[in-house]
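Colleague: Next up, input.cif (mmCIF, C-alpha atoms).
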```
data_entry
#
loop_
_atom_site.label_atom_id
_atom_site.label_comp_id
_atom_site.auth_asym_id
_atom_site.auth_seq_id
_atom_site.Cartn_x
_atom_site.Cartn_y
_atom_site.Cartn_z
CA MET X 1 -57.22 11.16 10.93
CA ASN X 2 -55.37 8.72 13.19
CA LEU X 3 -51.89 7.89 11.92
CA ASP X 4 -52.31 4.19 12.67
CA TYR X 5 -49.71 2.75 10.27
CA VAL X 6 -47.19 5.54 10.83
CA SER X 7 -47.55 5.19 14.60
CA LYS X 8 -47.03 1.43 14.39
CA ILE X 9 -43.84 1.89 12.37
CA LYS X 10 -42.57 4.62 14.68
CA PHE X 11 -43.25 2.47 17.74
CA GLY X 12 -41.32 -0.44 16.24
CA LEU X 13 -38.28 1.71 15.48
CA LYS X 14 -38.30 3.23 18.97
CA ARG X 15 -38.73 -0.15 20.64
CA TYR X 16 -35.71 -1.63 18.88
CA LYS X 17 -33.48 1.19 20.12
CA THR X 18 -33.46 -0.59 23.48
CA ILE X 19 -32.33 -3.89 21.96
CA ALA X 20 -28.76 -4.70 20.94
CA THR X 21 -28.38 -4.13 17.19
CA ASP X 22 -25.61 -4.41 14.65
CA LYS X 23 -23.82 -1.25 13.52
CA ALA X 24 -25.76 -0.83 10.28
CA THR X 25 -29.11 -1.09 12.07
CA SER X 26 -27.96 1.25 14.81
CA ARG X 27 -27.16 3.90 12.23
CA ILE X 28 -30.75 3.81 11.06
CA LEU X 29 -32.09 4.10 14.58
CA ASP X 30 -29.81 6.98 15.60
CA GLY X 31 -30.63 8.94 12.43
CA SER X 32 -27.30 8.44 10.65
CA TYR X 33 -29.08 7.40 7.44
CA ASN X 34 -30.11 10.90 6.39
CA SER X 35 -30.65 9.92 2.76
CA ILE X 36 -30.82 6.76 0.65
CA TYR X 37 -29.49 8.65 -2.36
CA LYS X 38 -26.21 7.29 -3.75
CA GLY X 39 -24.87 10.55 -5.22
CA ARG X 40 -22.20 12.83 -3.80
CA SER X 41 -24.27 16.04 -3.81
CA MET X 42 -23.96 16.34 -0.05
CA ASN X 43 -23.17 18.82 2.75
CA PHE X 44 -20.86 18.04 5.67
CA ASP X 45 -22.78 17.26 8.86
CA GLU X 46 -20.48 15.79 11.53
CA LEU X 47 -17.73 13.28 12.27
CA ARG X 48 -18.42 9.73 13.41
CA GLU X 49 -16.42 6.55 13.87
CA TYR X 50 -15.72 4.45 10.77
CA VAL X 51 -17.72 1.25 10.22
CA PRO X 52 -17.09 -1.39 7.52
CA GLY X 53 -18.69 -0.34 4.24
CA ASP X 54 -17.97 3.38 4.60
CA ASP X 55 -16.17 5.09 1.72
CA ILE X 56 -12.49 5.56 2.65
CA LYS X 57 -12.58 8.86 0.76
CA ASP X 58 -14.67 10.22 3.63
CA ILE X 59 -12.01 9.54 6.28
CA ASP X 60 -10.86 12.71 8.04
CA TRP X 61 -7.17 11.90 8.56
CA LYS X 62 -6.41 14.94 10.74
CA ALA X 63 -9.28 14.18 13.14
CA THR X 64 -8.29 10.50 13.09
CA SER X 65 -4.71 11.28 14.14
CA ARG X 66 -5.90 13.47 17.01
CA SER X 67 -8.47 11.03 18.40
CA GLN X 68 -6.63 7.75 17.70
CA LYS X 69 -9.89 6.47 16.18
CA VAL X 70 -10.71 6.26 12.48
CA LEU X 71 -13.25 9.03 11.90
CA ILE X 72 -15.20 9.78 8.74
CA ARG X 73 -17.06 12.84 7.58
CA GLN X 74 -20.81 12.28 7.60
CA TYR X 75 -22.88 14.11 5.02
CA ILE X 76 -26.52 15.00 4.48
CA ALA X 77 -28.19 15.58 1.14
CA GLU X 78 -28.30 19.11 -0.23
CA LYS X 79 -31.59 18.52 -2.00
CA LYS X 80 -34.77 16.58 -1.41
CA HIS X 81 -35.29 13.36 -3.32
CA ASN X 82 -38.29 11.73 -4.97
CA VAL X 83 -39.00 8.25 -3.60
CA MET X 84 -41.60 6.16 -5.41
CA LEU X 85 -42.99 3.23 -3.42
CA VAL X 86 -44.24 0.57 -5.87
CA MET X 87 -46.36 -1.93 -3.95
CA ASP X 88 -47.55 -5.28 -5.30
CA ALA X 89 -51.26 -5.63 -4.39
CA ASN X 90 -51.84 -8.93 -6.21
CA ARG X 91 -54.00 -11.37 -4.24
CA ARG X 92 -50.86 -13.48 -3.71
CA MET X 93 -50.07 -10.93 -1.00
CA LEU X 94 -53.00 -12.34 1.02
CA ALA X 95 -50.98 -15.52 1.57
CA GLU X 96 -48.39 -16.01 4.32
CA THR X 97 -44.63 -15.62 4.71
CA LYS X 98 -42.18 -18.25 5.96
CA THR X 99 -42.95 -17.18 9.52
CA GLY X 100 -46.73 -17.49 9.05
CA GLU X 101 -47.44 -13.74 8.92
CA ASP X 102 -49.68 -12.06 6.33
CA LYS X 103 -47.56 -11.15 3.31
CA GLY X 104 -49.54 -7.96 2.74
CA GLU X 105 -48.96 -6.81 6.31
CA VAL X 106 -45.24 -7.56 6.09
CA ALA X 107 -45.06 -5.73 2.74
CA LEU X 108 -46.84 -2.74 4.26
CA MET X 109 -44.51 -2.57 7.27
CA ALA X 110 -41.33 -3.14 5.24
CA GLY X 111 -42.08 -0.59 2.54
CA GLY X 112 -43.63 1.70 5.12
CA THR X 113 -40.53 1.64 7.33
CA LEU X 114 -38.28 2.75 4.49
CA ALA X 115 -40.82 5.40 3.46
CA TYR X 116 -41.04 6.56 7.10
CA MET X 117 -37.29 7.12 7.17
CA VAL X 118 -37.20 9.23 4.01
CA THR X 119 -40.32 11.11 5.12
CA ASP X 120 -38.58 11.89 8.41
CA ASN X 121 -35.72 13.29 6.30
CA GLY X 122 -38.15 15.57 4.45
CA ASP X 123 -37.95 13.75 1.11
CA TYR X 124 -40.90 13.54 -1.26
CA VAL X 125 -42.74 10.21 -1.23
CA SER X 126 -45.29 8.86 -3.69
CA GLY X 127 -46.95 5.46 -4.09
CA LEU X 128 -48.27 3.35 -6.97
CA TYR X 129 -50.40 0.20 -6.79
CA TYR X 130 -53.35 -1.38 -8.57
CA HIS X 131 -56.81 -1.67 -7.05
CA ASP X 132 -58.07 -4.41 -9.35
CA GLU X 133 -57.88 -2.78 -12.79
CA LYS X 134 -57.58 0.80 -11.57
CA MET X 135 -54.21 2.43 -10.97
CA GLU X 136 -53.93 4.13 -7.57
CA ARG X 137 -51.32 6.87 -7.29
CA SER X 138 -50.54 9.18 -4.41
CA PRO X 139 -48.82 12.49 -5.31
CA PHE X 140 -45.25 13.33 -4.36
CA LYS X 141 -45.53 15.02 -0.98
CA THR X 142 -43.68 15.35 2.29
CA GLY X 143 -45.06 14.64 5.74
CA PHE X 144 -46.45 11.70 7.67
CA LEU X 145 -50.08 12.42 6.78
CA ASN X 146 -49.19 11.74 3.15
CA LEU X 147 -47.46 8.50 4.15
CA GLU X 148 -50.48 7.38 6.17
CA PHE X 149 -52.81 7.92 3.18
CA LEU X 150 -50.39 5.95 0.99
CA LEU X 151 -50.18 2.96 3.34
CA GLU X 152 -53.90 2.99 4.07
CA GLY X 153 -54.63 3.02 0.33
CA TYR X 154 -52.38 0.02 -0.23
CA ALA X 155 -54.06 -1.93 2.59
CA LYS X 156 -57.47 -1.36 0.96
CA CYS X 157 -56.17 -2.76 -2.34
CA LEU X 158 -55.35 -6.16 -0.82
CA THR X 159 -58.46 -8.03 -1.97
CA PRO X 160 -59.09 -11.61 -3.18
CA THR X 161 -60.01 -10.31 -6.65
CA ASN X 162 -56.87 -8.26 -7.28
CA ARG X 163 -54.84 -9.87 -10.07
CA SER X 164 -52.53 -6.91 -10.74
CA ASP X 165 -48.82 -7.17 -11.50
CA LEU X 166 -45.98 -4.67 -11.40
CA ASN X 167 -45.33 -4.55 -15.14
CA GLY X 168 -48.25 -2.18 -15.68
CA ILE X 169 -46.90 0.12 -12.97
CA LEU X 170 -43.37 0.15 -14.40
CA SER X 171 -44.77 0.89 -17.86
CA TYR X 172 -46.85 3.73 -16.37
CA ILE X 173 -43.75 5.19 -14.70
CA MET X 174 -41.73 5.16 -17.91
CA HIS X 175 -44.49 6.82 -19.93
CA ASN X 176 -45.93 9.30 -17.45
CA ILE X 177 -43.40 10.36 -14.80
CA LYS X 178 -40.45 12.42 -16.00
CA ARG X 179 -38.70 13.30 -12.75
CA ARG X 180 -35.69 11.33 -11.53
CA MET X 181 -36.68 8.98 -8.70
CA ILE X 182 -35.59 6.31 -6.30
CA VAL X 183 -38.03 3.48 -7.06
CA VAL X 184 -38.61 1.04 -4.20
CA MET X 185 -40.49 -2.07 -5.30
CA VAL X 186 -42.19 -4.37 -2.78
CA THR X 187 -43.29 -7.78 -4.09
CA ASP X 188 -42.72 -11.53 -3.69
CA THR X 189 -40.67 -14.10 -5.60
CA GLU X 190 -43.33 -14.69 -8.26
CA GLY X 191 -43.71 -10.94 -8.66
CA VAL X 192 -39.98 -10.59 -9.37
CA ALA X 193 -39.94 -13.58 -11.72
CA ASN X 194 -42.82 -12.04 -13.73
CA LEU X 195 -41.12 -8.66 -14.20
CA GLN X 196 -40.44 -8.00 -17.89
CA ASP X 197 -36.78 -7.60 -18.82
CA ASN X 198 -37.40 -4.71 -21.21
CA LEU X 199 -39.13 -2.69 -18.47
CA LEU X 200 -36.42 -3.46 -15.91
CA GLY X 201 -33.78 -2.45 -18.43
CA GLN X 202 -35.50 0.86 -19.12
CA ILE X 203 -36.27 1.82 -15.53
CA THR X 204 -32.82 0.99 -14.14
CA VAL X 205 -31.21 3.26 -16.75
CA VAL X 206 -33.31 6.25 -15.68
CA HIS X 207 -33.91 5.66 -11.96
CA ASP X 208 -32.24 4.13 -8.91
CA VAL X 209 -34.16 0.95 -8.08
CA LEU X 210 -34.30 -1.04 -4.82
CA LEU X 211 -36.43 -4.10 -4.11
CA ILE X 212 -37.94 -5.65 -0.99
CA LYS X 213 -38.94 -9.28 -1.58
CA ILE X 214 -41.53 -10.76 0.78
CA SER X 215 -40.96 -14.47 1.45
CA ASP X 216 -43.44 -17.27 0.71
CA THR X 217 -44.68 -19.95 3.07
CA ASP X 218 -44.53 -23.69 2.43
CA ILE X 219 -47.94 -24.53 0.97
CA PHE X 220 -48.01 -28.04 2.39
CA GLY X 221 -49.39 -29.13 5.75
CA LYS X 222 -52.55 -30.18 7.55
CA LYS X 223 -54.49 -26.96 6.97
CA VAL X 224 -53.52 -24.99 3.86
CA TYR X 225 -55.69 -22.22 2.42
CA ASN X 226 -55.74 -21.77 -1.36
CA VAL X 227 -55.95 -18.05 -2.17
CA ASP X 228 -56.82 -18.75 -5.80
CA GLY X 229 -59.59 -21.20 -4.96
CA PHE X 230 -60.91 -19.32 -1.89
CA SER X 231 -60.93 -22.58 0.08
CA TYR X 232 -58.73 -24.97 2.04
CA MET X 233 -56.82 -27.58 0.06
CA PRO X 234 -58.00 -31.17 0.57
CA PRO X 235 -55.58 -33.23 2.71
CA PHE X 236 -54.73 -35.65 -0.10
CA LEU X 237 -53.16 -32.68 -1.92
CA SER X 238 -51.78 -30.58 0.94
CA GLN X 239 -50.07 -33.60 2.55
CA SER X 240 -48.86 -35.30 -0.61
CA LYS X 241 -45.09 -35.95 -0.42
CA SER X 242 -44.72 -36.26 -4.20
CA LEU X 243 -46.53 -32.98 -4.85
CA GLN X 244 -44.50 -31.30 -2.11
CA LYS X 245 -41.27 -32.40 -3.77
CA LYS X 246 -42.41 -31.07 -7.16
CA GLN X 247 -43.57 -27.78 -5.64
CA HIS X 248 -40.27 -27.26 -3.86
CA LYS X 249 -38.43 -27.76 -7.15
CA ILE X 250 -40.71 -25.21 -8.86
CA MET X 251 -40.10 -22.69 -6.08
CA GLU X 252 -36.33 -23.23 -6.21
CA GLU X 253 -36.34 -22.60 -9.96
CA MET X 254 -38.48 -19.48 -9.48
CA GLU X 255 -36.16 -18.20 -6.72
CA ALA X 256 -33.14 -18.74 -8.96
CA LYS X 257 -34.85 -16.94 -11.85
CA ALA X 258 -35.79 -14.00 -9.64
CA THR X 259 -32.30 -13.70 -8.15
CA LYS X 260 -30.64 -13.89 -11.56
CA LYS X 261 -32.94 -11.18 -12.89
CA LEU X 262 -32.24 -8.78 -10.01
CA ASN X 263 -28.50 -9.36 -10.25
CA ARG X 264 -28.54 -8.88 -14.02
CA TYR X 265 -29.88 -5.34 -13.63
CA GLY X 266 -27.84 -4.51 -10.53
CA ILE X 267 -30.89 -4.05 -8.30
CA PRO X 268 -30.10 -4.15 -4.55
CA TRP X 269 -32.63 -6.35 -2.73
CA VAL X 270 -33.42 -8.11 0.53
CA GLU X 271 -35.92 -10.78 1.54
CA VAL X 272 -38.20 -10.05 4.48
CA ASP X 273 -39.99 -12.80 6.45
CA SER X 274 -41.54 -10.87 9.31
CA ALA X 275 -42.89 -7.45 10.26
CA THR X 276 -40.81 -7.57 13.43
CA ARG X 277 -37.25 -6.24 13.31
CA VAL X 278 -37.79 -5.07 9.74
CA ASP X 279 -35.37 -2.23 10.54
CA GLY X 280 -32.43 -4.61 10.21
CA LYS X 281 -33.51 -5.64 6.71
CA ILE X 282 -33.91 -2.02 5.64
CA ALA X 283 -30.42 -1.30 6.99
CA GLU X 284 -29.09 -4.21 4.92
CA LEU X 285 -30.85 -2.92 1.81
CA LEU X 286 -29.43 0.58 2.22
CA GLU X 287 -25.93 -0.79 2.75
CA LYS X 288 -26.28 -2.73 -0.51
CA ASN X 289 -27.51 0.39 -2.27
CA LYS X 290 -24.40 2.28 -1.15
CA THR X 291 -22.00 -0.30 -2.52
CA VAL X 292 -23.71 -1.26 -5.79
CA ASN X 293 -21.85 -0.24 -8.93
#
```
Can the structure in the file be given as structure tokens, please?

Modeller:
Amino acid sequence: MNLDYVSKIKFGLKRYKTIATDKATSRILDGSYNSIYKGRSMNFDELREYVPGDDIKDIDWKATSRSQKVLIRQYIAEKKHNVMLVMDANRRMLAETKTGEDKGEVALMAGGTLAYMVTDNGDYVSGLYYHDEKMERSPFKTGFLNLEFLLEGYAKCLTPTNRSDLNGILSYIMHNIKRRMIVVMVTDTEGVANLQDNLLGQITVVHDVLLIKISDTDIFGKKVYNVDGFSYMPPFLSQSKSLQKKQHKIMEEMEAKATKKLNRYGIPWVEVDSATRVDGKIAELLEKNKTVN
């Protein structure tokens, strides 16, 4: 099969190597992020120059004194890790982001980029998402062919009739998967706001959890498509100033609820607007995962 999604992700990461990046992003692109695992079960790999956010316990003081630069010991994981990609396939993901891109496509590229990195490291990757009422699960495997099947399966689940939410997936994980995992959820603001507190409490006790939140577009303008109604909104609604004001207030309250919920359970997260330069957002997420707790 053609590795269409994997190739697209790989091309993006290669292309951005030629563009000036911040230090965190550069460490993704040069392979310095060998694992997203937070533990200390690691083997020494090599020395590199210190960057803000590194653990001072990793500073090699002897090498630092010789080179006159602050150098830290870089480690790689001793064991492979299980990364579960939990993708929201609700029909909301057929809408657009703040930049006017398809939310489903941005979700696919954002989650896929992180999964590409851990696959490149040899970690085991699995995926969970709903195709209407049926749970779709890819097995824990290594390799890019497995990742391509996972991403292709998610793309097929993005249909106008899909009303799934992530609570069913989190419940499935807690009842059916016993191995320790790094759970990476990809959803939007409403998806986060709808997550049940009891499930978040349970899953964050057992697993490391990260979240990629896909942004939402402003639903007001001259030509606005209603995903729920399968039609364009009439102008008297889409251009109504009073309705726009009320909708903005609702979205602000939902954003605040989602942020409070993620912070309450100590879940590192980032918001992604575009499929371009998603590497920088993944770098930000991994930096947050290193420093949490």

Colleague: Env of Lys134 of chain X: 12 Å cut, atoms = all atoms listed in the file, seq-sep filter 6 positions within chain, self excluded. Answer as an MDAnalysis selection string.

Modeller: chainID X and resid 89 128 157 162:165 168:169

Colleague: Show which residues sit within 7 Å of segment 54-62 of chain X, as a ChimeraX atom specification. Count only C-alpha atoms, and ignore same-chain residues fewer than 4 positions away.

Modeller: /X:50,66,71-73

Colleague: What separation in Å, quoted to one decimal, exists between atom CA of Arg92 of chain X and atom CA of Asp132 of chain X?

Modeller: 12.9 Å

Colleague: Could you check the closest approach to Leu3 of chain X for each of X:Ala110, X:Leu47, X:Val270, X:Leu145 and tell me which residue wins, using only C-alpha atoms?

Modeller: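 Among the listed residues, the smallest separation from Leu3 of chain X belongs to X:Leu145.
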
Colleague: Leaving out Ile203 of chain X and any residue of its chain fewer than 4 positions from it, which residues lie within 9 Å of it when counting all atoms listed in the file, given as a list of chain:residue names?

Modeller: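 Residues near the query, excluding close chain neighbours: X:Leu170, X:Ser171, X:Ile173, X:Met174, X:Val183, X:Asn198, X:Leu199, X:His207, X:Asp208, X:Val209.
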
Colleague: Which residue out of X:Asp88, X:Asp279, X:Glu46, X:Glu96 has the minimum interatomic distance to Phe11 of chain X when only C-alpha atoms are used?

Modeller: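 Once distances to Phe11 of chain X are computed over only C-alpha atoms, the minimum belongs to X:Asp279.
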
Colleague: Take segment 96-122 of chain X from the preceding structure and save C-alpha atoms as a PDB file, in the first residue's frame.

Modeller:
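Written output follows (part.pdb):
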```pdb
ATOM      1  CA  GLU X  96     -13.097  24.125  10.312  1.00  0.00           C
ATOM      2  CA  THR X  97     -10.347  25.487  12.546  1.00  0.00           C
ATOM      3  CA  LYS X  98      -9.554  29.145  13.219  1.00  0.00           C
ATOM      4  CA  THR X  99      -7.415  29.188  10.079  1.00  0.00           C
ATOM      5  CA  GLY X 100     -10.180  27.715   7.892  1.00  0.00           C
ATOM      6  CA  GLU X 101      -8.655  24.237   7.581  1.00  0.00           C
ATOM      7  CA  ASP X 102     -10.596  20.986   8.031  1.00  0.00           C
ATOM      8  CA  LYS X 103     -10.522  20.027  11.714  1.00  0.00           C
ATOM      9  CA  GLY X 104     -10.333  16.328  10.864  1.00  0.00           C
ATOM     10  CA  GLU X 105      -7.313  16.868   8.624  1.00  0.00           C
ATOM     11  CA  VAL X 106      -5.560  18.956  11.276  1.00  0.00           C
ATOM     12  CA  ALA X 107      -6.363  16.310  13.907  1.00  0.00           C
ATOM     13  CA  LEU X 108      -4.971  13.602  11.648  1.00  0.00           C
ATOM     14  CA  MET X 109      -1.727  15.488  10.985  1.00  0.00           C
ATOM     15  CA  ALA X 110      -1.233  16.567  14.606  1.00  0.00           C
ATOM     16  CA  GLY X 111      -1.855  13.160  16.147  1.00  0.00           C
ATOM     17  CA  GLY X 112      -0.091  11.512  13.240  1.00  0.00           C
ATOM     18  CA  THR X 113       3.045  13.619  13.690  1.00  0.00           C
ATOM     19  CA  LEU X 114       3.412  12.619  17.324  1.00  0.00           C
ATOM     20  CA  ALA X 115       2.700   8.980  16.429  1.00  0.00           C
ATOM     21  CA  TYR X 116       5.271   9.199  13.604  1.00  0.00           C
ATOM     22  CA  MET X 117       7.930  10.301  16.083  1.00  0.00           C
ATOM     23  CA  VAL X 118       7.324   7.453  18.522  1.00  0.00           C
ATOM     24  CA  THR X 119       7.059   4.978  15.642  1.00  0.00           C
ATOM     25  CA  ASP X 120      10.431   6.205  14.391  1.00  0.00           C
ATOM     26  CA  ASN X 121      11.744   5.465  17.898  1.00  0.00           C
ATOM     27  CA  GLY X 122      10.433   1.890  17.678  1.00  0.00           C
TER      28      GLY X 122
END
```
